[in-house]
Structures are given as structure tokens and as C-alpha cells.
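Undergrad: Here it is, the structure in full.
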Amino acid sequence: MARSKELVPSIGRLSRSQVYARRGLYKGLKKSEKAPASDVAPVKEKPVGGAKNGEKRLIPTAKAPRFYPAEDVHQPKKSRKSPKLTKLRPSITPGTVLILLAGRFRGKRVVFLKQLSSGLLLVTGPFKINGVPLRRVSQAYVLATSTKVDLGDFKVDEKINDAYFAKPKSKGKQSAEEEFFSEGKPKEKEAFPESKSADQKAVDSAIIAAVKKTENLSKYLKASWGLSKGQFPHQLVF
């Protein structure tokens, strides 16, 4: 009588592992150590018939495998795509007053200066008017207004680029002992570089001179922007 009855044709009542346990096949397993492989010569000599065949020939002892792994090193696929400069919205031109929608200075009005090689926008408050320094922002997080500041022939210095905003590398790791004893104490603030402060003043002086030409424009830049109850941005004209 079969140990596992068939419920339907080809499907038994017990699984394969259950049948294995019931039959007790695990009890008869023999554990034997493999005999150490004897040193076999890679080739053997075999006599060959025929007067002109050299009478003997060397034949490999182990037959070479039919299939062997390829030794080609995987080469990554070469991309023909080249990074392109982000297309600037037509409503954003040098001197346009923008409204920041995100970040530390959200709600502030800033003046657009130029687009950097990374595609980000270089803006300033100016700092003396509303406290916004030279910053990089994405055009996805700004609202362009119809207000413009006439910058004239003013051009931002070429040294103010993406590398200009890179953070300086830390001098070295703090030891575990110093970190333990400094716990709870505020970290010492690094002094703002004098060169960057001078760059900020140079840019702001030109912007402020242009802002003073338009009445109440300084107050407009200083005022923060926000929505009141019942106001919707898609219904507003900036």
C-alpha cells in the first residue's frame, strides 16, 4: 500500500518531505570521506600506429571541458548624453525681482543676477535691504514678478560661480576625548571670510544704487510676501 494516497491523479496527500520522513531515509545516510586525489600526470603517453606518425603521442589525462567561462571584462555602456544647461524661463531676466518659495528665506523678494553653469539662479536681497545674501536657488522654487531693477551695464564678477559656494573641507576629525568633553557646549562658529563679505558689498552697492532710482522699490524688496485667507496664487498677477 502506498504511503501517500493520491487525492487526484499525480497529486499525493503527503508532500515529498513528509514521505521522506515517513520512510526514514535519513537514517540510512552514509557519511564517507572522499579518498584523497592521487597525483596524476597532466598528460600520458600513448603508442600510435603507422611508420610516419612518430610511434607515440602525448594525450592530456583530463578531457578539456566543452564549455568555459568567457574572460571578457564587462564594459559599462557608454552614454552619449551630455549635460545641458537648464533652460531659463523667459520671465526671468537679469534684474527681475523674484519671490522665494522655499528655504531659509522663503517669502523674501530678491533680485536675479545671472544663471550659473549648474542651472541654478544667482540672487541677492540685497543683503543691506532685506538680509538675503548672495545665494543659489532653483528656478522651480521662485515666482517671477513683473517688477524689474534696471542694472544697466552691471555684470557679476566671473569668480562668483558654483565653486564659489562650495563648503570648505574640515581640517581633521575630532578625537574621541575632545568630543566627549565638548558635549553640551555650543560649537565655535567659523568667522565669515572677509573676501566674501567684500564681494557682497561690491554687488549690493551696484544693486542699491539702481533700486534708489525707483520710488518705494526699496520698501517693496524689504516687505515679505505671503498669501492671506481666500487668496490663490494662480489668480494673482505678480
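Order determines the names: the first chain of the C-alpha cells is A, the second B, and so forth; residues in each chain are numbered 1 upward, and ligands are numbered 1 upward as they are shown.
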Hey, what does DSSP flag as alpha helix (DSSP H) within segment 100-175 of chain A? Can you give it to me as a VMD selection string?

TA: chain A and resid 127 to 130

Undergrad: Store the residues of this selection in a file with N, CA and C atoms, as a PDB file, in the first residue's frame.

TA:
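Saved the output as out-v9.pdb:
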ATOM      1  N   PHE A 127      21.529  92.327   0.558  1.00  0.00           N
ATOM      2  CA  PHE A 127      21.661  91.975   1.971  1.00  0.00           C
ATOM      3  C   PHE A 127      21.353  93.168   2.874  1.00  0.00           C
ATOM      4  N   LYS A 128      21.748  94.359   2.463  1.00  0.00           N
ATOM      5  CA  LYS A 128      21.550  95.544   3.295  1.00  0.00           C
ATOM      6  C   LYS A 128      20.069  95.908   3.411  1.00  0.00           C
ATOM      7  N   ILE A 129      19.251  95.486   2.432  1.00  0.00           N
ATOM      8  CA  ILE A 129      17.825  95.854   2.442  1.00  0.00           C
ATOM      9  C   ILE A 129      16.984  94.825   3.180  1.00  0.00           C
ATOM     10  N   ASN A 130      17.118  93.545   2.816  1.00  0.00           N
ATOM     11  CA  ASN A 130      16.250  92.527   3.435  1.00  0.00           C
ATOM     12  C   ASN A 130      17.003  91.343   4.045  1.00  0.00           C
TER      13      ASN A 130
END

Undergrad: Could you give me, as a compact mmCIF listing (two decimals) with all heavy atoms, in the first residue's frame, each residue of segment 7-219 of chain A that DSSP assigns to strand (DSSP E) when run on this structure's backbone?

TA:
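Listing of result24.txt after writing:
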# COMPACT_ATOMS: atom_id res chain seq x y z
N LEU A 7 -4.74 12.13 -3.91
CA LEU A 7 -6.01 12.83 -3.79
C LEU A 7 -6.67 12.94 -5.15
O LEU A 7 -7.87 12.69 -5.30
CB LEU A 7 -5.76 14.24 -3.22
CG LEU A 7 -5.11 14.27 -1.82
CD1 LEU A 7 -4.83 15.71 -1.42
CD2 LEU A 7 -6.02 13.62 -0.79
N VAL A 8 -5.88 13.35 -6.12
CA VAL A 8 -6.27 13.36 -7.53
C VAL A 8 -5.08 12.80 -8.29
O VAL A 8 -3.98 12.69 -7.74
CB VAL A 8 -6.61 14.80 -8.02
CG1 VAL A 8 -7.87 15.31 -7.35
CG2 VAL A 8 -5.47 15.74 -7.79
N ILE A 11 -1.25 13.92 -7.75
CA ILE A 11 -1.11 14.79 -6.58
C ILE A 11 -1.37 13.93 -5.34
O ILE A 11 -2.47 13.43 -5.13
CB ILE A 11 -2.09 15.97 -6.61
CG1 ILE A 11 -1.80 16.86 -7.83
CG2 ILE A 11 -2.00 16.80 -5.32
CD1 ILE A 11 -2.72 18.02 -7.98
N GLY A 12 -0.33 13.73 -4.53
CA GLY A 12 -0.43 12.89 -3.34
C GLY A 12 -0.92 13.66 -2.14
O GLY A 12 -0.91 14.89 -2.11
N VAL A 43 49.55 14.70 -18.59
CA VAL A 43 49.49 14.03 -19.90
C VAL A 43 49.98 12.59 -19.75
O VAL A 43 50.70 12.25 -18.81
CB VAL A 43 50.36 14.77 -20.95
CG1 VAL A 43 49.78 16.12 -21.29
CG2 VAL A 43 51.80 14.90 -20.47
N LYS A 44 49.55 11.77 -20.68
CA LYS A 44 50.02 10.38 -20.72
C LYS A 44 50.46 10.03 -22.14
O LYS A 44 49.97 10.61 -23.11
CB LYS A 44 48.91 9.44 -20.25
CG LYS A 44 47.67 9.44 -21.09
CD LYS A 44 46.63 8.50 -20.52
CE LYS A 44 45.34 8.51 -21.36
NZ LYS A 44 44.32 7.60 -20.82
N GLU A 45 51.37 9.09 -22.18
CA GLU A 45 51.95 8.70 -23.48
C GLU A 45 51.17 7.53 -24.06
O GLU A 45 50.85 6.56 -23.38
CB GLU A 45 53.42 8.29 -23.27
CG GLU A 45 54.19 8.14 -24.56
CD GLU A 45 55.67 7.87 -24.30
OE1 GLU A 45 56.29 8.65 -23.55
OE2 GLU A 45 56.17 6.88 -24.84
N LYS A 46 50.83 7.65 -25.33
CA LYS A 46 50.04 6.62 -25.98
C LYS A 46 50.71 6.24 -27.30
O LYS A 46 51.08 7.11 -28.09
CB LYS A 46 48.63 7.16 -26.26
CG LYS A 46 47.69 6.10 -26.82
CD LYS A 46 46.28 6.68 -26.98
CE LYS A 46 45.33 5.61 -27.52
NZ LYS A 46 43.98 6.15 -27.70
N PRO A 47 50.92 4.91 -27.51
CA PRO A 47 51.55 4.49 -28.78
C PRO A 47 50.60 4.70 -29.96
O PRO A 47 49.39 4.56 -29.85
CB PRO A 47 51.83 3.00 -28.55
CG PRO A 47 50.88 2.58 -27.48
CD PRO A 47 50.64 3.78 -26.61
N LYS A 56 54.49 7.41 -31.03
CA LYS A 56 53.87 7.75 -29.74
C LYS A 56 53.36 9.19 -29.78
O LYS A 56 53.80 10.01 -30.57
CB LYS A 56 54.85 7.55 -28.59
CG LYS A 56 56.14 8.34 -28.71
CD LYS A 56 57.08 8.02 -27.58
CE LYS A 56 58.41 8.78 -27.73
NZ LYS A 56 59.35 8.47 -26.64
N ARG A 57 52.44 9.46 -28.86
CA ARG A 57 51.81 10.78 -28.80
C ARG A 57 51.42 11.09 -27.36
O ARG A 57 51.01 10.18 -26.63
CB ARG A 57 50.59 10.79 -29.72
CG ARG A 57 50.05 12.19 -29.98
CD ARG A 57 49.05 12.19 -31.10
NE ARG A 57 49.68 11.82 -32.37
CZ ARG A 57 49.01 11.49 -33.46
NH1 ARG A 57 47.69 11.46 -33.42
NH2 ARG A 57 49.65 11.19 -34.57
N LEU A 58 51.55 12.35 -26.95
CA LEU A 58 51.15 12.77 -25.60
C LEU A 58 49.71 13.25 -25.62
O LEU A 58 49.34 14.12 -26.40
CB LEU A 58 52.07 13.90 -25.11
CG LEU A 58 53.55 13.52 -24.90
CD1 LEU A 58 54.36 14.75 -24.51
CD2 LEU A 58 53.70 12.44 -23.83
N ILE A 59 48.91 12.65 -24.76
CA ILE A 59 47.47 12.95 -24.71
C ILE A 59 47.15 13.46 -23.31
O ILE A 59 47.61 12.88 -22.31
CB ILE A 59 46.63 11.71 -25.03
CG1 ILE A 59 46.94 11.24 -26.46
CG2 ILE A 59 45.14 11.98 -24.87
CD1 ILE A 59 46.27 9.96 -26.82
N PRO A 60 46.37 14.55 -23.14
CA PRO A 60 46.01 15.03 -21.80
C PRO A 60 45.22 13.99 -21.03
O PRO A 60 44.34 13.31 -21.59
CB PRO A 60 45.19 16.28 -22.07
CG PRO A 60 44.92 16.32 -23.52
CD PRO A 60 45.85 15.39 -24.21
N THR A 96 15.27 90.95 -12.70
CA THR A 96 13.90 90.61 -12.33
C THR A 96 13.81 90.35 -10.83
O THR A 96 14.67 89.69 -10.25
CB THR A 96 13.43 89.34 -13.09
OG1 THR A 96 13.53 89.59 -14.49
CG2 THR A 96 12.00 88.99 -12.74
N VAL A 97 12.77 90.87 -10.21
CA VAL A 97 12.53 90.62 -8.78
C VAL A 97 11.79 89.29 -8.65
O VAL A 97 10.73 89.09 -9.26
CB VAL A 97 11.72 91.76 -8.15
CG1 VAL A 97 11.39 91.42 -6.69
CG2 VAL A 97 12.47 93.07 -8.23
N LEU A 98 12.38 88.36 -7.87
CA LEU A 98 11.80 87.03 -7.67
C LEU A 98 11.31 86.89 -6.24
O LEU A 98 11.82 87.55 -5.33
CB LEU A 98 12.85 85.95 -7.96
CG LEU A 98 13.59 86.01 -9.29
CD1 LEU A 98 14.65 84.92 -9.35
CD2 LEU A 98 12.62 85.86 -10.45
N ILE A 99 10.35 86.01 -6.04
CA ILE A 99 9.86 85.68 -4.70
C ILE A 99 10.29 84.25 -4.39
O ILE A 99 9.99 83.33 -5.15
CB ILE A 99 8.32 85.81 -4.61
CG1 ILE A 99 7.89 87.24 -4.91
CG2 ILE A 99 7.82 85.39 -3.24
CD1 ILE A 99 6.38 87.42 -5.04
N LEU A 100 11.02 84.08 -3.30
CA LEU A 100 11.49 82.75 -2.90
C LEU A 100 10.35 81.98 -2.23
O LEU A 100 9.66 82.51 -1.36
CB LEU A 100 12.68 82.87 -1.94
CG LEU A 100 13.91 83.63 -2.46
CD1 LEU A 100 15.00 83.64 -1.41
CD2 LEU A 100 14.43 82.99 -3.75
N ARG A 109 11.73 88.78 -1.15
CA ARG A 109 11.90 89.21 -2.54
C ARG A 109 13.40 89.44 -2.79
O ARG A 109 14.09 90.04 -1.96
CB ARG A 109 11.12 90.49 -2.80
CG ARG A 109 9.60 90.30 -2.74
CD ARG A 109 8.88 91.62 -3.01
NE ARG A 109 7.45 91.43 -3.16
CZ ARG A 109 6.58 91.50 -2.15
NH1 ARG A 109 7.00 91.75 -0.93
NH2 ARG A 109 5.30 91.33 -2.38
N VAL A 110 13.87 88.93 -3.91
CA VAL A 110 15.29 89.03 -4.24
C VAL A 110 15.43 89.50 -5.69
O VAL A 110 14.47 89.46 -6.47
CB VAL A 110 16.01 87.67 -4.06
CG1 VAL A 110 16.06 87.27 -2.60
CG2 VAL A 110 15.36 86.59 -4.91
N VAL A 111 16.65 89.92 -6.04
CA VAL A 111 16.95 90.38 -7.40
C VAL A 111 17.78 89.30 -8.10
O VAL A 111 18.79 88.84 -7.57
CB VAL A 111 17.72 91.71 -7.37
CG1 VAL A 111 18.03 92.18 -8.79
CG2 VAL A 111 16.93 92.78 -6.62
N PHE A 112 17.34 88.91 -9.28
CA PHE A 112 18.06 87.90 -10.06
C PHE A 112 19.25 88.55 -10.76
O PHE A 112 19.12 89.60 -11.39
CB PHE A 112 17.10 87.27 -11.09
CG PHE A 112 17.80 86.40 -12.10
CD1 PHE A 112 18.40 85.22 -11.74
CD2 PHE A 112 17.85 86.79 -13.44
CE1 PHE A 112 19.05 84.42 -12.67
CE2 PHE A 112 18.49 86.00 -14.38
CZ PHE A 112 19.08 84.81 -14.00
N LEU A 113 20.42 87.89 -10.67
CA LEU A 113 21.64 88.43 -11.28
C LEU A 113 22.04 87.68 -12.54
O LEU A 113 22.21 88.28 -13.59
CB LEU A 113 22.79 88.39 -10.26
CG LEU A 113 22.55 89.18 -8.96
CD1 LEU A 113 23.70 88.97 -8.00
CD2 LEU A 113 22.36 90.66 -9.28
N LYS A 114 22.18 86.33 -12.44
CA LYS A 114 22.56 85.55 -13.62
C LYS A 114 22.31 84.07 -13.34
O LYS A 114 22.07 83.68 -12.19
CB LYS A 114 24.03 85.76 -13.98
CG LYS A 114 25.02 85.18 -12.98
CD LYS A 114 26.46 85.29 -13.48
CE LYS A 114 27.44 84.65 -12.50
NZ LYS A 114 28.83 84.69 -12.99
N GLN A 115 22.36 83.26 -14.41
CA GLN A 115 22.23 81.81 -14.27
C GLN A 115 23.63 81.19 -14.27
O GLN A 115 24.47 81.51 -15.12
CB GLN A 115 21.40 81.22 -15.40
CG GLN A 115 21.11 79.74 -15.22
CD GLN A 115 20.29 79.17 -16.36
OE1 GLN A 115 20.32 79.68 -17.47
NE2 GLN A 115 19.57 78.09 -16.10
N LEU A 121 20.05 79.67 -10.11
CA LEU A 121 19.98 81.13 -10.26
C LEU A 121 20.78 81.80 -9.16
O LEU A 121 20.70 81.41 -7.99
CB LEU A 121 18.52 81.60 -10.19
CG LEU A 121 17.49 80.85 -11.05
CD1 LEU A 121 16.12 81.47 -10.85
CD2 LEU A 121 17.87 80.85 -12.50
N LEU A 122 21.55 82.80 -9.53
CA LEU A 122 22.28 83.60 -8.56
C LEU A 122 21.44 84.82 -8.23
O LEU A 122 21.08 85.60 -9.11
CB LEU A 122 23.64 84.02 -9.13
CG LEU A 122 24.50 84.90 -8.23
CD1 LEU A 122 24.94 84.13 -6.99
CD2 LEU A 122 25.72 85.42 -8.98
N VAL A 123 21.10 84.97 -6.93
CA VAL A 123 20.23 86.07 -6.50
C VAL A 123 20.86 86.76 -5.29
O VAL A 123 21.73 86.22 -4.62
CB VAL A 123 18.81 85.56 -6.13
CG1 VAL A 123 18.14 84.90 -7.32
CG2 VAL A 123 18.86 84.59 -4.95
N THR A 124 20.39 87.96 -5.03
CA THR A 124 20.78 88.70 -3.82
C THR A 124 19.60 89.55 -3.38
O THR A 124 18.73 89.88 -4.20
CB THR A 124 22.00 89.58 -4.07
OG1 THR A 124 22.40 90.20 -2.84
CG2 THR A 124 21.74 90.65 -5.10
N ARG A 135 23.04 84.10 -3.05
CA ARG A 135 22.61 82.71 -2.88
C ARG A 135 22.34 82.08 -4.23
O ARG A 135 22.11 82.77 -5.23
CB ARG A 135 21.33 82.62 -2.04
CG ARG A 135 21.54 82.86 -0.58
CD ARG A 135 20.23 82.79 0.16
NE ARG A 135 19.66 81.45 0.17
CZ ARG A 135 20.02 80.50 1.03
NH1 ARG A 135 20.96 80.73 1.92
NH2 ARG A 135 19.45 79.32 0.99
N ARG A 136 22.36 80.73 -4.23
CA ARG A 136 21.93 79.98 -5.41
C ARG A 136 20.57 79.36 -5.11
O ARG A 136 20.38 78.77 -4.04
CB ARG A 136 22.92 78.85 -5.73
CG ARG A 136 24.29 79.32 -6.13
CD ARG A 136 25.21 78.14 -6.39
NE ARG A 136 25.37 77.31 -5.20
CZ ARG A 136 25.97 76.13 -5.19
NH1 ARG A 136 26.45 75.62 -6.30
NH2 ARG A 136 26.09 75.44 -4.07
N VAL A 137 19.63 79.50 -6.03
CA VAL A 137 18.29 78.91 -5.86
C VAL A 137 17.88 78.26 -7.18
O VAL A 137 18.34 78.65 -8.25
CB VAL A 137 17.24 79.96 -5.43
CG1 VAL A 137 17.53 80.50 -4.05
CG2 VAL A 137 17.15 81.08 -6.43
N VAL A 142 10.88 79.59 -7.26
CA VAL A 142 10.75 81.04 -7.27
C VAL A 142 9.54 81.44 -8.11
O VAL A 142 9.12 80.71 -9.00
CB VAL A 142 12.02 81.74 -7.84
CG1 VAL A 142 13.24 81.45 -6.99
CG2 VAL A 142 12.27 81.36 -9.28
N LEU A 143 8.99 82.60 -7.76
CA LEU A 143 7.94 83.23 -8.56
C LEU A 143 8.53 84.47 -9.20
O LEU A 143 9.12 85.31 -8.51
CB LEU A 143 6.75 83.62 -7.69
CG LEU A 143 5.77 82.53 -7.26
CD1 LEU A 143 4.73 83.11 -6.33
CD2 LEU A 143 5.09 81.89 -8.45
N ALA A 144 8.41 84.58 -10.50
CA ALA A 144 8.92 85.76 -11.20
C ALA A 144 7.85 86.84 -11.20
O ALA A 144 6.69 86.57 -11.53
CB ALA A 144 9.31 85.39 -12.63
N THR A 145 8.23 88.03 -10.81
CA THR A 145 7.28 89.15 -10.80
C THR A 145 7.52 90.03 -12.03
O THR A 145 8.52 89.88 -12.74
CB THR A 145 7.46 90.00 -9.52
OG1 THR A 145 8.73 90.65 -9.56
CG2 THR A 145 7.37 89.14 -8.28
N SER A 146 6.61 90.96 -12.24
CA SER A 146 6.75 91.89 -13.37
C SER A 146 7.66 93.07 -13.03
O SER A 146 7.99 93.88 -13.89
CB SER A 146 5.37 92.40 -13.79
OG SER A 146 4.73 93.03 -12.69
N THR A 147 8.08 93.15 -11.74
CA THR A 147 8.95 94.25 -11.30
C THR A 147 10.39 93.95 -11.71
O THR A 147 10.87 92.82 -11.54
CB THR A 147 8.87 94.41 -9.78
OG1 THR A 147 7.51 94.53 -9.39
CG2 THR A 147 9.64 95.64 -9.32
N LYS A 148 11.08 94.94 -12.22
CA LYS A 148 12.47 94.78 -12.64
C LYS A 148 13.32 95.91 -12.10
O LYS A 148 12.85 97.04 -11.94
CB LYS A 148 12.58 94.74 -14.17
CG LYS A 148 12.07 93.45 -14.80
CD LYS A 148 12.58 93.28 -16.22
CE LYS A 148 14.06 93.07 -16.24
NZ LYS A 148 14.56 92.75 -17.61

Undergrad: With only C-alpha atoms as the atoms that count, which of A:Ala191, A:Ala210, A:Ala51, A:Ala35 lies nearest to Asp153 of chain A?

TA: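 Closest to Asp153 of chain A of all the choices is A:Ala210.
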
Undergrad: From the set A:Phe238, A:Ser17, A:Lys219, A:Lys77, which residue has the shortest atom-to-atom contact distance to Ser91 of chain A, counting only C-alpha atoms?

TA: A:Phe238

Undergrad: I'd like to know which of A:Pro133, A:Pro9, A:Pro94, A:Gly50 is closest to Ser197 of chain A, using only C-alpha atoms.

TA: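 Checking each of A:Pro133, A:Pro9, A:Pro94, A:Gly50 against Ser197 of chain A, counting only C-alpha atoms, the winner is A:Pro133.
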
Undergrad: Write out as an NGL selection string which residues come within 12 Å of Tyr164 of chain A when counting only C-alpha atoms, dropping same-chain ones fewer than 2 positions away.

TA: :A and (116 or 122 or 134-136 or 157-162 or 166-168 or 193 or 195-196 or 199)

Undergrad: Rank nothing, just name the residue among A:Asp72, A:Ser4, A:Val149, A:Ser118 nearest to Gln18 of chain A, using only C-alpha atoms.

TA: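 The closest residue to Gln18 of chain A is A:Ser4.
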
Undergrad: I'd like the contact shell of Gly107 of chain A - 9 Å cut-off, only C-alpha atoms, skipping same-chain residues fewer than 3 positions apart - returned as a PyMOL selection string.

TA: chain A and resi 99-102+223-226

Undergrad: Could you dump the residues just selected with C-alpha atoms as a tab-separated table (two decimals), in the first residue's frame?

TA:
chain	number	residue	atom	x	y	z
A	99	ILE	CA	9.86	85.68	-4.70
A	100	LEU	CA	11.49	82.75	-2.90
A	101	LEU	CA	9.05	79.93	-2.14
A	102	ALA	CA	11.26	77.59	-0.11
A	223	ALA	CA	8.43	93.53	2.61
A	224	SER	CA	7.89	89.77	2.85
A	225	TRP	CA	5.31	88.01	0.68
A	226	GLY	CA	2.56	85.65	1.76

Undergrad: Work out how far atom CA of Pro90 of chain A is from atom CA of Leu120 of chain A, in Å to one decimal.

TA: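 Here the two named atoms are 14.9 Å from each other.
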